[in-house]
$ cat model-v8.cif   # mmCIF, C-alpha atoms
data_query
loop_
_atom_site.label_atom_id
_atom_site.label_comp_id
_atom_site.auth_asym_id
_atom_site.auth_seq_id
_atom_site.Cartn_x
_atom_site.Cartn_y
_atom_site.Cartn_z
CA MET O 173 0.00 0.00 0.00
CA SER O 174 1.43 3.34 -0.91
CA MET O 175 -0.02 5.97 1.27
CA VAL O 176 1.92 8.94 2.54
CA PRO O 177 0.97 9.49 6.17
CA THR O 178 0.22 13.00 7.18
CA ALA O 179 1.12 14.49 10.52
CA ALA O 180 -2.52 13.99 11.42
CA ASN O 181 -2.18 10.25 10.78
CA TRP O 182 0.79 10.00 13.15
CA LEU O 183 -1.07 11.98 15.80
CA GLU O 184 -4.08 9.75 15.39
CA LEU O 185 -1.87 6.67 15.75
CA PHE O 186 -0.32 8.16 18.87
CA ALA O 187 -3.70 8.97 20.39
CA HIS O 188 -5.07 5.52 19.65
CA PHE O 189 -2.15 3.68 21.23
CA ALA O 190 -2.11 6.08 24.18
CA SER O 191 -5.74 5.23 24.91
CA LEU O 192 -4.97 1.50 24.64
CA SER O 193 -2.12 2.02 27.13
CA LEU O 194 -4.56 2.60 29.97
CA LEU O 195 -6.71 -0.38 28.97
CA GLY O 196 -3.85 -2.86 28.97
CA VAL O 197 -4.36 -4.45 32.38
CA GLY O 198 -2.49 -7.73 32.12
CA GLY O 199 -0.08 -6.36 29.54
CA ALA O 200 -0.20 -4.66 26.17
CA ILE O 201 -0.72 -8.02 24.48
CA THR O 202 -4.30 -8.04 25.79
CA THR O 203 -5.02 -5.09 23.51
CA ALA O 204 -3.45 -6.76 20.45
CA PRO O 205 -6.84 -7.65 18.92
CA ASP O 206 -7.81 -3.99 18.94
CA MET O 207 -4.44 -3.02 17.42
CA HIS O 208 -5.05 -5.54 14.67
CA ARG O 209 -8.48 -4.10 13.96
CA TYR O 210 -7.13 -0.55 13.92
CA LEU O 211 -3.88 -1.02 11.97
CA VAL O 212 -4.77 -3.82 9.56
CA HIS O 213 -8.51 -3.73 9.13
CA ASN O 214 -9.55 -0.11 9.52
CA ASN O 215 -6.53 1.78 8.18
CA GLY O 216 -4.61 -0.72 6.07
CA TRP O 217 -1.29 0.56 7.47
CA LEU O 218 -0.05 -3.00 8.03
CA SER O 219 -0.64 -6.28 6.23
CA ASP O 220 -2.01 -9.22 8.13
CA ALA O 221 1.28 -11.10 7.63
CA GLN O 222 3.28 -8.17 9.01
CA PHE O 223 1.10 -8.07 12.10
CA THR O 224 1.55 -11.79 12.72
CA SER O 225 5.29 -11.61 12.05
CA SER O 226 5.68 -8.69 14.46
CA ILE O 227 4.18 -10.73 17.27
CA ALA O 228 6.16 -13.86 16.38
CA LEU O 229 9.42 -11.93 16.16
CA SER O 230 8.92 -10.21 19.51
CA GLN O 231 8.42 -13.65 21.06
CA ALA O 232 11.69 -14.85 19.58
CA ALA O 233 13.53 -11.82 20.98
CA PRO O 234 14.39 -11.28 24.63
CA GLY O 235 12.68 -8.63 26.71
CA PRO O 236 9.21 -7.61 27.75
CA ASN O 237 6.39 -8.72 25.46
CA VAL O 238 5.36 -5.09 24.94
CA LEU O 239 8.15 -4.77 22.36
CA PHE O 240 5.81 -6.25 19.77
CA VAL O 241 4.29 -2.75 19.75
CA ALA O 242 7.65 -1.32 18.62
CA LEU O 243 7.68 -3.76 15.71
CA LEU O 244 4.17 -2.73 14.70
CA GLY O 245 5.34 0.89 14.65
CA TRP O 246 8.48 -0.10 12.75
CA ASN O 247 6.47 -1.80 10.02
CA VAL O 248 3.92 1.01 9.81
CA GLY O 249 6.81 3.42 9.23
CA LEU O 250 8.53 1.16 6.68
CA ASN O 251 5.29 0.78 4.74
CA ALA O 252 4.69 4.50 4.89
CA GLY O 253 8.13 5.13 3.41
CA GLY O 254 7.60 2.67 0.58
CA GLY O 255 9.21 -0.46 2.05
CA PRO O 256 12.77 -1.39 3.09
CA SER O 257 14.13 -0.93 -0.45
CA ALA O 258 12.96 2.67 -0.64
CA GLY O 259 16.02 4.05 1.12
CA TRP O 260 16.66 6.32 4.03
CA LEU O 261 13.21 7.90 4.14
CA ALA O 262 11.63 4.52 4.85
CA TRP O 263 14.13 3.81 7.64
CA ALA O 264 13.60 7.26 9.14
CA LEU O 265 9.84 6.73 9.11
CA ALA O 266 10.33 3.28 10.65
CA PHE O 267 12.16 4.86 13.58
CA LEU O 268 9.43 7.49 13.83
CA GLY O 269 6.90 4.66 13.94
CA VAL O 270 8.76 2.98 16.80
CA LEU O 271 8.96 6.27 18.69
CA VAL O 272 5.27 7.10 18.22
CA THR O 273 3.88 3.69 19.14
CA MET O 274 6.25 2.96 22.03
CA VAL O 275 5.93 6.36 23.70
CA ALA O 276 2.16 6.20 23.27
CA ILE O 277 1.81 2.70 24.73
CA MET O 278 4.25 3.31 27.61
CA LEU O 279 3.71 6.91 28.73
CA PRO O 280 0.14 6.94 30.12
CA SER O 281 0.38 3.60 31.91
CA SER O 282 3.83 4.38 33.32
CA VAL O 283 2.79 7.77 34.67
CA LEU O 284 -0.28 6.22 36.28
CA THR O 285 1.64 3.26 37.69
CA TYR O 286 4.47 5.38 39.05
CA THR O 287 2.13 7.87 40.70
CA ALA O 288 -0.16 5.21 42.15
CA THR O 289 2.63 2.99 43.43
CA ARG O 290 4.53 5.87 45.02
CA TRP O 291 1.33 6.80 46.81
CA ALA O 292 0.80 3.21 47.89
CA HIS O 293 4.38 2.97 49.11
CA ARG O 294 4.12 6.16 51.17
CA ASN O 295 0.87 4.83 52.66
CA ARG O 296 1.97 1.21 52.94
CA GLU O 297 0.90 1.04 56.57
CA LEU O 298 -2.69 1.97 55.74
CA ARG O 299 -5.04 -0.93 56.36
CA GLY O 300 -6.59 -0.51 52.93
CA VAL O 301 -3.24 -0.70 51.13
CA ARG O 302 -2.21 -3.77 53.12
CA ALA O 303 -5.59 -5.37 52.49
CA PHE O 304 -5.16 -4.84 48.76
CA LYS O 305 -1.75 -6.52 48.66
CA THR O 306 -2.82 -9.30 51.02
CA GLY O 307 -6.03 -10.00 49.13
CA MET O 308 -4.54 -9.85 45.65
CA ALA O 309 -1.54 -12.08 46.42
CA PRO O 310 -3.29 -15.46 45.91
CA ILE O 311 -5.14 -14.08 42.88
CA VAL O 312 -2.03 -12.99 40.99
CA ILE O 313 -0.20 -16.21 41.83
CA ALA O 314 -3.11 -18.17 40.37
CA LEU O 315 -2.99 -15.91 37.30
CA LEU O 316 0.60 -16.97 36.63
CA ILE O 317 -0.29 -20.65 36.78
CA ALA O 318 -3.39 -20.02 34.65
CA THR O 319 -1.23 -18.23 32.07
CA GLY O 320 1.03 -21.28 31.83
CA TRP O 321 -2.05 -23.47 31.46
CA LEU O 322 -3.54 -21.28 28.70
CA LEU O 323 -0.25 -21.14 26.79
CA THR O 324 -0.06 -24.93 26.89
CA GLY O 325 -3.75 -25.38 26.13
CA SER O 326 -3.54 -23.27 22.98
CA HIS O 327 -1.95 -26.41 21.47
CA ASP O 328 -4.99 -28.63 21.84
CA HIS O 329 -4.40 -31.73 19.70
CA PRO O 330 -3.25 -34.35 22.21
CA ALA O 331 -2.04 -36.80 19.56
CA ARG O 332 0.17 -34.15 17.95
CA ASP O 333 0.93 -31.83 20.85
CA TRP O 334 1.79 -34.21 23.69
CA PRO O 335 5.57 -33.73 23.28
CA LEU O 336 4.99 -30.01 23.68
CA TRP O 337 3.02 -30.59 26.88
CA LEU O 338 5.74 -32.91 28.16
CA LEU O 339 8.35 -30.23 27.46
CA THR O 340 6.32 -27.67 29.41
CA ALA O 341 5.96 -30.09 32.33
CA VAL O 342 9.68 -30.87 32.36
CA ALA O 343 10.57 -27.17 32.18
CA THR O 344 8.19 -26.49 35.07
CA LEU O 345 9.89 -29.16 37.20
CA PHE O 346 13.38 -27.88 36.37
CA VAL O 347 12.56 -24.27 37.26
CA TRP O 348 10.71 -25.28 40.39
CA ARG O 349 13.18 -27.78 41.82
CA THR O 350 16.61 -26.83 40.45
CA ARG O 351 18.67 -23.74 39.81
CA VAL O 352 19.60 -24.60 36.25
CA HIS O 353 19.95 -21.35 34.33
CA LEU O 354 16.74 -20.39 32.56
CA LEU O 355 18.57 -19.65 29.31
CA TRP O 356 19.62 -23.30 29.03
CA LEU O 357 15.99 -24.33 29.22
CA ILE O 358 14.89 -21.81 26.59
CA GLY O 359 17.78 -22.88 24.38
CA ALA O 360 16.85 -26.54 24.78
CA GLY O 361 13.27 -25.68 23.80
CA ALA O 362 14.49 -23.86 20.67
CA VAL O 363 16.70 -26.79 19.63
CA LEU O 364 14.03 -29.42 20.26
CA GLY O 365 11.58 -27.29 18.28
CA ALA O 366 13.93 -26.66 15.38
CA LEU O 367 14.68 -30.38 15.16
CA GLY O 368 10.96 -30.99 14.90
CA TRP O 369 10.81 -33.12 18.05
CA VAL O 370 8.10 -31.15 19.80
CA MET I 172 27.39 -23.43 34.99
CA THR I 173 26.49 -24.02 38.60
CA GLU I 174 23.56 -26.18 39.52
CA HIS I 175 22.49 -26.42 43.10
CA PRO I 176 19.49 -28.36 44.23
CA LEU I 177 17.06 -25.93 45.80
CA PRO I 178 16.27 -27.14 49.30
CA SER I 179 12.69 -26.41 50.19
CA GLY I 180 12.42 -23.74 52.84
CA ASP I 181 15.71 -22.29 51.70
CA LEU I 182 14.22 -18.82 51.33
CA SER I 183 12.27 -18.81 54.55
CA LEU I 184 15.47 -18.59 56.56
CA PRO I 185 16.13 -15.05 57.69
CA GLN I 186 18.93 -13.81 55.50
CA PRO I 187 19.95 -10.22 55.02
CA LEU I 188 18.55 -8.47 51.97
CA HIS I 189 20.68 -6.45 49.61
CA ALA I 190 19.80 -3.33 47.66
CA PRO I 191 20.73 -1.87 44.28
CA ARG I 192 23.86 0.25 44.71
CA SER I 193 23.05 3.01 42.23
CA ARG I 194 20.88 3.99 39.31
CA ALA I 195 23.49 2.50 37.01
CA ASP I 196 23.23 -0.75 38.96
CA LEU I 197 19.45 -0.65 38.44
CA PHE I 198 19.82 0.04 34.73
CA TRP I 199 22.31 -2.77 34.08
CA SER I 200 20.59 -5.22 36.38
CA PHE I 201 17.29 -4.79 34.59
CA THR I 202 19.00 -4.78 31.19
CA TRP I 203 20.53 -8.14 32.01
CA LEU I 204 17.23 -9.48 33.33
CA ALA I 205 15.34 -8.37 30.25
CA LEU I 206 17.93 -9.79 27.85
CA GLN I 207 17.54 -13.20 29.48
CA GLY I 208 13.76 -13.12 29.24
CA PHE I 209 12.57 -15.06 26.24
CA GLY I 210 8.81 -15.56 26.20
CA GLY I 211 8.32 -13.47 29.33
CA VAL I 212 10.67 -11.82 31.78
CA LEU I 213 8.84 -12.58 35.01
CA ALA I 214 10.48 -15.95 35.70
CA VAL I 215 13.90 -14.32 35.31
CA VAL I 216 12.96 -11.37 37.49
CA GLN I 217 11.79 -13.67 40.30
CA ARG I 218 14.87 -15.88 40.01
CA GLU I 219 17.35 -12.99 39.92
CA LEU I 220 15.85 -10.44 42.30
CA VAL I 221 14.61 -12.85 44.96
CA GLU I 222 16.91 -15.85 44.74
CA ARG I 223 20.21 -14.41 43.51
CA LYS I 224 20.49 -10.68 44.16
CA ARG I 225 18.23 -10.90 47.23
CA TRP I 226 16.79 -7.41 46.76
CA MET I 227 13.48 -8.66 48.14
CA THR I 228 11.86 -11.65 49.82
CA ARG I 229 9.32 -13.88 48.12
CA GLY I 230 6.60 -12.25 50.19
CA GLN I 231 7.64 -8.75 49.15
CA PHE I 232 7.89 -9.91 45.55
CA VAL I 233 4.32 -11.23 45.61
CA GLU I 234 3.03 -7.98 47.12
CA ASP I 235 4.78 -5.88 44.50
CA TRP I 236 3.73 -8.22 41.74
CA ALA I 237 0.10 -7.89 42.82
CA VAL I 238 0.31 -4.14 42.31
CA ALA I 239 2.31 -4.35 39.07
CA GLN I 240 -0.19 -6.82 37.67
CA ILE I 241 -3.24 -4.77 38.54
CA MET I 242 -1.97 -1.54 36.97
CA PRO I 243 -2.29 -1.07 33.21
CA GLY I 244 0.88 -1.47 31.20
CA PRO I 245 3.48 -4.22 30.84
CA ASN I 246 3.62 -6.00 34.20
CA VAL I 247 7.35 -6.55 34.42
CA VAL I 248 8.06 -2.97 33.36
CA ASN I 249 5.66 -1.76 36.04
CA LEU I 250 7.47 -3.92 38.57
CA SER I 251 10.88 -2.61 37.55
CA MET I 252 9.67 0.99 37.88
CA MET I 253 8.24 0.31 41.32
CA ILE I 254 11.53 -1.18 42.52
CA GLY I 255 13.64 1.55 40.94
CA GLY I 256 11.37 4.26 42.34
CA ARG I 257 11.53 2.82 45.83
CA TYR I 258 15.31 3.12 46.07
CA PHE I 259 16.10 6.17 43.95
CA GLY I 260 12.81 8.00 43.31
CA LEU I 261 11.83 9.05 39.81
CA PRO I 262 15.41 8.79 38.41
CA GLY I 263 15.55 5.23 39.75
CA ALA I 264 12.22 4.36 38.14
CA LEU I 265 13.40 5.78 34.83
CA ALA I 266 16.73 3.94 35.06
CA ALA I 267 14.90 0.65 35.65
CA LEU I 268 12.40 1.38 32.86
CA ALA I 269 15.21 2.24 30.45
CA GLY I 270 17.07 -0.91 31.44
CA MET I 271 14.02 -3.04 30.73
CA LEU I 272 13.42 -1.51 27.30
CA ALA I 273 16.54 0.01 25.71
CA PHE I 274 18.71 -2.96 24.76
CA PRO I 275 15.81 -5.37 24.20
CA LEU I 276 14.35 -2.78 21.81
CA LEU I 277 17.61 -2.66 19.86
CA ALA I 278 17.71 -6.45 19.81
CA VAL I 279 14.18 -6.82 18.47
CA LEU I 280 14.73 -4.14 15.81
CA ALA I 281 17.92 -5.87 14.71
CA LEU I 282 15.96 -9.10 14.38
CA ALA I 283 13.29 -7.27 12.40
CA VAL I 284 15.86 -5.93 9.95
CA LEU I 285 17.45 -9.36 9.51
CA TYR I 286 14.43 -11.64 9.68
CA GLY I 287 11.40 -9.43 9.17
CA ASN I 288 9.42 -12.24 7.61
CA VAL I 289 10.24 -14.82 10.28
CA ALA I 290 6.71 -16.18 10.07
CA GLU I 291 7.64 -17.64 6.68
CA TYR I 292 10.50 -19.86 7.91
CA PRO I 293 9.28 -23.26 9.17
CA VAL I 294 12.44 -23.93 11.20
CA ALA I 295 12.12 -20.62 13.02
CA GLN I 296 8.45 -21.36 13.58
CA ASN I 297 9.28 -24.72 15.12
CA ALA I 298 12.01 -23.26 17.30
CA LEU I 299 9.53 -20.66 18.54
CA ARG I 300 7.07 -23.44 19.26
CA GLY I 301 9.61 -25.18 21.47
CA MET I 302 10.63 -21.95 23.19
CA GLY I 303 6.98 -21.16 23.81
CA ALA I 304 6.46 -24.52 25.51
CA VAL I 305 9.43 -23.89 27.81
CA ALA I 306 8.22 -20.34 28.52
CA ALA I 307 4.86 -21.77 29.60
CA GLY I 308 6.75 -23.98 32.04
CA LEU I 309 8.76 -21.05 33.41
CA ILE I 310 5.68 -19.01 34.21
CA THR I 311 3.90 -22.02 35.77
CA ALA I 312 6.90 -22.84 37.96
CA THR I 313 7.21 -19.22 39.06
CA GLY I 314 3.59 -19.31 40.19
CA ILE I 315 4.11 -22.61 42.04
CA LYS I 316 7.21 -21.28 43.80
CA LEU I 317 5.40 -18.15 44.94
CA ILE I 318 2.67 -20.20 46.65
CA ALA I 319 5.17 -20.64 49.48
CA ALA I 320 4.99 -16.87 50.10
CA LEU I 321 1.31 -17.22 51.04
CA ASP I 322 2.09 -18.88 54.38
CA LYS I 323 2.54 -15.42 55.90
CA ASN I 324 -0.71 -14.15 54.38
CA ALA I 325 -3.13 -12.79 56.97
CA MET I 326 -6.08 -14.57 55.33
CA GLY I 327 -4.56 -17.96 56.15
CA MET I 328 -3.28 -20.61 53.77
CA GLY I 329 -6.68 -22.32 53.40
CA VAL I 330 -8.50 -19.20 52.21
CA CYS I 331 -5.57 -18.32 49.94
CA ILE I 332 -5.60 -21.70 48.24
CA GLY I 333 -9.38 -21.44 47.82
CA LEU I 334 -9.12 -18.00 46.21
CA ALA I 335 -6.28 -19.15 43.99
CA ALA I 336 -8.27 -22.20 42.89
CA LEU I 337 -11.32 -20.04 42.09
CA THR I 338 -9.15 -17.67 40.06
CA PHE I 339 -7.52 -20.52 38.18
CA VAL I 340 -10.88 -22.05 37.28
CA ALA I 341 -12.31 -18.68 36.22
CA ILE I 342 -9.38 -17.76 33.97
CA ALA I 343 -8.00 -21.07 32.71
CA LEU I 344 -11.15 -23.18 32.46
CA LEU I 345 -14.10 -20.77 32.20
CA ARG I 346 -12.05 -18.15 30.26
CA TRP I 347 -13.64 -15.23 32.04
CA PRO I 348 -12.23 -11.80 31.12
CA LEU I 349 -9.32 -10.78 33.36
CA LEU I 350 -10.97 -7.55 34.46
CA TRP I 351 -14.06 -9.34 35.81
CA VAL I 352 -11.92 -11.77 37.73
CA LEU I 353 -9.77 -9.02 39.22
CA LEU I 354 -12.82 -6.96 40.21
CA GLY I 355 -14.96 -9.90 41.35
CA ILE I 356 -12.73 -12.47 43.04
CA GLY I 357 -10.02 -9.87 43.70
CA GLY I 358 -12.49 -7.45 45.24
CA MET I 359 -13.90 -10.15 47.51
CA ALA I 360 -10.40 -11.16 48.57
CA CYS I 361 -9.42 -7.57 49.41
CA LEU I 362 -12.53 -7.10 51.53
CA TRP I 363 -11.84 -10.35 53.36
CA ALA I 364 -8.20 -9.34 53.89
CA TYR I 365 -9.37 -5.97 55.24
CA ARG I 366 -11.49 -7.75 57.88
CA LYS I 367 -8.63 -10.04 58.81
CA LEU I 368 -5.89 -7.44 59.13
CA PRO I 369 -5.28 -5.69 62.44
CA ASN I 370 -5.91 -2.00 62.38
CA GLY I 371 -2.42 -1.07 63.58
CA PRO I 372 0.76 -0.73 61.56
CA ALA I 373 2.07 -3.93 60.03
CA ASP I 374 4.46 -5.81 62.29
CA LYS I 375 7.07 -6.46 59.68
CA ALA I 376 10.44 -5.05 58.92
CA PRO I 377 10.24 -1.60 57.32
CA ARG I 378 11.06 -1.54 53.67
CA PRO I 379 13.68 0.77 52.26
#

$ encode --input "model-v8.cif" --output "structure tokens"
Amino acid sequence: MSMVPTAANWLELFAHFASLSLLGVGGAITTAPDMHRYLVHNNGWLSDAQFTSSIALSQAAPGPNVLFVALLGWNVGLNAGGGPSAGWLAWALAFLGVLVTMVAIMLPSSVLTYTATRWAHRNRELRGVRAFKTGMAPIVIALLIATGWLLTGSHDHPARDWPLWLLTAVATLFVWRTRVHLLWLIGAGAVLGALGWV
Amino acid sequence: MTEHPLPSGDLSLPQPLHAPRSRADLFWSFTWLALQGFGGVLAVVQRELVERKRWMTRGQFVEDWAVAQIMPGPNVVNLSMMIGGRYFGLPGALAALAGMLAFPLLAVLALAVLYGNVAEYPVAQNALRGMGAVAAGLITATGIKLIAALDKNAMGMGVCIGLAALTFVAIALLRWPLLWVLLGIGGMACLWAYRKLPNGPADKAPRP
């Protein structure tokens, strides 16, 4: 698609991601369906394949999952500049895309979180603040285990996916009961996957 | 590589906590954490900050994680800002935030330039599949390990396990939206905790 984004487009992109920032309880990835609707479906700034690749690539890379947002911005900018072969303008717009989407997704939630948590820390002796942390503790622990369950359950063909489930179970045991470095486990998973064993 | 068996109860022994030395220490510590985090940084953060660097106990980690999880935004980035802010104020929070994002951002952009169409390579797809399965194990094990921190919870272990089981069923089996679960089960839990907590100041060591 060859559209030249106007300053208004970039502002609109910024505003949209900034509003999603405050909705992303549980991480920015929870707002990915809305990003897909907005970027791919409504505006045509990204292709479906680019959206999927951005998410896949951010999973292959280290760091917080929110970095998939940077890749969305990167690809929006590249497309806007005519693609990677179009020269420096495309690369400049790609960096602009990263800047716009990342600042938009991070700024509102970070300001809110910093302000709220500083307040909570100053008032950590308040019964209400202690009740919040005490009450939420079992909930958020269960959320972690549920996340592991959902990630495993997204592969739901027992005949085909049982090696994958076994790998998850073994990794769980290793992290729980040993101090083997986590990178070894991730590396083992990558090798087993690449060999087609799981 | 060193591998030590992890004796159960290891972390319940009173051992002195450490603290980040400077904003630079925060930045590089979180950079290193983030660069180890494939498929989610939380497992690494728990391992490094609680078990290796000893900046916080499991109990403190769970309390902070509860807040980081409930606020909008990336959970681990929220957590890093809270920790940075506690020791060095706003500059500390920004140092931790920058550590979490700067080098990982460069890494992911480099990958994008080299392998932008990764979704088209079957081998890469399969490797990601394997890494994803391990990542699911890391997050599950982190949750299991943190259950031990509930033994000091004022609601009592029985109530905690009940609430955790309800939450698991609601999210993993019934697939209820996260927000409902946080407001519904979470709200109930907070009210119950409020009733159970004494009205005085908490009788635990002051935090930095």

$ residues_around --input "model-v8.cif" --residues "Ile317 in chain O" --least-positions-apart "2" --cutoff "8 Å" --atoms "only C-alpha atoms" --output "list in words"
Ile313, Ala314, Leu315, Thr319, Gly320 and Trp321 of chain O; Ile310, Thr311, Ala312, Thr313, Gly314, Ile315 and Phe339 of chain I

$ write_last_selection --input "model-v8.cif" --atoms "C-alpha atoms" --output "PDB file, keeping the file's coordinate frame"
ATOM      1  CA  ILE O 313      -0.200 -16.210  41.830  1.00  0.00           C
ATOM      2  CA  ALA O 314      -3.110 -18.170  40.370  1.00  0.00           C
ATOM      3  CA  LEU O 315      -2.990 -15.910  37.300  1.00  0.00           C
ATOM      4  CA  THR O 319      -1.230 -18.230  32.070  1.00  0.00           C
ATOM      5  CA  GLY O 320       1.030 -21.280  31.830  1.00  0.00           C
ATOM      6  CA  TRP O 321      -2.050 -23.470  31.460  1.00  0.00           C
TER       7      TRP O 321
ATOM      8  CA  ILE I 310       5.680 -19.010  34.210  1.00  0.00           C
ATOM      9  CA  THR I 311       3.900 -22.020  35.770  1.00  0.00           C
ATOM     10  CA  ALA I 312       6.900 -22.840  37.960  1.00  0.00           C
ATOM     11  CA  THR I 313       7.210 -19.220  39.060  1.00  0.00           C
ATOM     12  CA  GLY I 314       3.590 -19.310  40.190  1.00  0.00           C
ATOM     13  CA  ILE I 315       4.110 -22.610  42.040  1.00  0.00           C
ATOM     14  CA  PHE I 339      -7.520 -20.520  38.180  1.00  0.00           C
TER      15      PHE I 339
END

$ closest_residue --input "model-v8.cif" --among "I:Leu206, I:Leu197, I:Leu321, I:Ala335" --to "Pro275 in chain I" --atoms "all atoms listed in the file"
I:Leu206

$ atom_distance --input "model-v8.cif" --atom1 "CA of Ile318 in chain I" --atom2 "CA of Val233 in chain I"
9.2 Å

$ resolve_selection --input "model-v8.cif" --expression "the PyMOL selection byres ((chain O and resi 336-345) around 9)" --output "MDAnalysis selection string"
(chainID O and resid 320 324:325 327 330 332:335 346:350 357:358 361 365 369:370) or (chainID I and resid 300:301 303:313 315)

$ atom_distance --input "model-v8.cif" --atom1 "CA of Leu298 in chain O" --atom2 "CA of Gly199 in chain O"
27.6 Å

$ atom_distance --input "model-v8.cif" --atom1 "CA of Ala343 in chain I" --atom2 "CA of Leu362 in chain I"
23.9 Å

$ closest_residue --input "model-v8.cif" --among "O:Ser230, O:Thr289, O:Ser225, O:Met278" --to "Leu250 in chain I" --atoms "only C-alpha atoms"
O:Thr289

$ build_atoms --input "model-v8.cif" --residues "range 296-313 of chain O" --atoms "N, CA and C atoms" --output "JSON list (two decimals), in the coordinates of the input"
[["chain", "number", "residue", "atom", "x", "y", "z"],
["O", 296, "ARG", "N", 1.98, 2.69, 52.90],
["O", 296, "ARG", "CA", 1.97, 1.21, 52.94],
["O", 296, "ARG", "C", 1.47, 0.68, 54.26],
["O", 297, "GLU", "N", 1.42, 1.52, 55.30],
["O", 297, "GLU", "CA", 0.90, 1.04, 56.57],
["O", 297, "GLU", "C", -0.62, 1.16, 56.66],
["O", 298, "LEU", "N", -1.23, 1.85, 55.72],
["O", 298, "LEU", "CA", -2.69, 1.97, 55.74],
["O", 298, "LEU", "C", -3.33, 0.58, 55.62],
["O", 299, "ARG", "N", -4.40, 0.38, 56.39],
["O", 299, "ARG", "CA", -5.04, -0.93, 56.36],
["O", 299, "ARG", "C", -5.56, -1.27, 54.96],
["O", 300, "GLY", "N", -6.07, -0.26, 54.27],
["O", 300, "GLY", "CA", -6.59, -0.51, 52.93],
["O", 300, "GLY", "C", -5.51, -0.96, 51.96],
["O", 301, "VAL", "N", -4.34, -0.33, 52.03],
["O", 301, "VAL", "CA", -3.24, -0.70, 51.13],
["O", 301, "VAL", "C", -2.76, -2.11, 51.44],
["O", 302, "ARG", "N", -2.65, -2.42, 52.74],
["O", 302, "ARG", "CA", -2.21, -3.77, 53.12],
["O", 302, "ARG", "C", -3.25, -4.81, 52.72],
["O", 303, "ALA", "N", -4.53, -4.43, 52.87],
["O", 303, "ALA", "CA", -5.59, -5.37, 52.49],
["O", 303, "ALA", "C", -5.54, -5.67, 51.00],
["O", 304, "PHE", "N", -5.25, -4.65, 50.20],
["O", 304, "PHE", "CA", -5.16, -4.84, 48.76],
["O", 304, "PHE", "C", -4.07, -5.85, 48.40],
["O", 305, "LYS", "N", -2.87, -5.63, 48.99],
["O", 305, "LYS", "CA", -1.75, -6.52, 48.66],
["O", 305, "LYS", "C", -1.98, -7.93, 49.21],
["O", 306, "THR", "N", -2.55, -7.99, 50.42],
["O", 306, "THR", "CA", -2.82, -9.30, 51.02],
["O", 306, "THR", "C", -3.87, -10.06, 50.22],
["O", 307, "GLY", "N", -4.94, -9.35, 49.85],
["O", 307, "GLY", "CA", -6.03, -10.00, 49.13],
["O", 307, "GLY", "C", -5.65, -10.41, 47.73],
["O", 308, "MET", "N", -4.86, -9.57, 47.05],
["O", 308, "MET", "CA", -4.54, -9.85, 45.65],
["O", 308, "MET", "C", -3.46, -10.91, 45.50],
["O", 309, "ALA", "N", -2.68, -11.16, 46.56],
["O", 309, "ALA", "CA", -1.54, -12.08, 46.42],
["O", 309, "ALA", "C", -1.94, -13.45, 45.87],
["O", 310, "PRO", "N", -2.94, -14.14, 46.48],
["O", 310, "PRO", "CA", -3.29, -15.46, 45.91],
["O", 310, "PRO", "C", -3.86, -15.36, 44.50],
["O", 311, "ILE", "N", -4.53, -14.24, 44.20],
["O", 311, "ILE", "CA", -5.14, -14.08, 42.88],
["O", 311, "ILE", "C", -4.05, -14.01, 41.81],
["O", 312, "VAL", "N", -3.03, -13.18, 42.05],
["O", 312, "VAL", "CA", -2.03, -12.99, 40.99],
["O", 312, "VAL", "C", -1.14, -14.22, 40.86],
["O", 313, "ILE", "N", -0.96, -14.96, 41.94],
["O", 313, "ILE", "CA", -0.20, -16.21, 41.83],
["O", 313, "ILE", "C", -0.97, -17.20, 40.96]]
